[in-house]
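What follows is one structure encoded as structure tokens, with my remarks underneath.
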Amino acid sequence: MRPYVLTGGRARPRQRLAVETLLESVDPDGTELPVTASRQERMLWQMCRNRISVAESAAHLGLSVSVVTILACDLIDAGYLTTRSQVPKAQLPDVHILQEVLDGLRRQLSA
């Protein structure tokens, strides 16, 4: 099916989602999608019962990331999906501490 059919003619999502953004269904057991939801929206919503990234869901659905982003934004706006941000990267240690460790190792090896 053509992407413009799946997205209702839209080329851009309402909000920006990174490819690593995690999608999760909101209360998947107590909520049902409306009858008007497309097959792709239903599959995406079902997939998101287990937290899954935008990129992974696009791969599983066989759709482009941009199309999945638009579908996900529609489901987010309707309250069927929520996003979880990526786990923050560990804070890097101070350069001065690393330099002291390096200097100490060099002293140990040269002795």
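Identifiers in the structure tokens: chain A, B, ... in order shown; residue index from 1 per chain; ligand index from 1 in order shown.
Excluding Ala72 of chain A and any residue on its chain fewer than 3 positions from it, the residues at most 9 Å away by only C-alpha atoms are A:Pro13, A:Leu17, A:Leu23, A:Glu41, A:Leu44, A:Trp45, A:Val54, A:Val67, A:Val68, A:Thr69, A:Leu75, A:Ile76, A:Asp77, A:Leu81, A:Thr82.
A straight line drawn from atom CA of Leu98 of chain A to atom CA of Ser85 of chain A is 29.6 Å long.
The residue that comes closest to Arg51 of chain A, out of A:Val101, A:Ala111, A:Val26, A:Ala37 and on the basis of only C-alpha atoms, is A:Val26.
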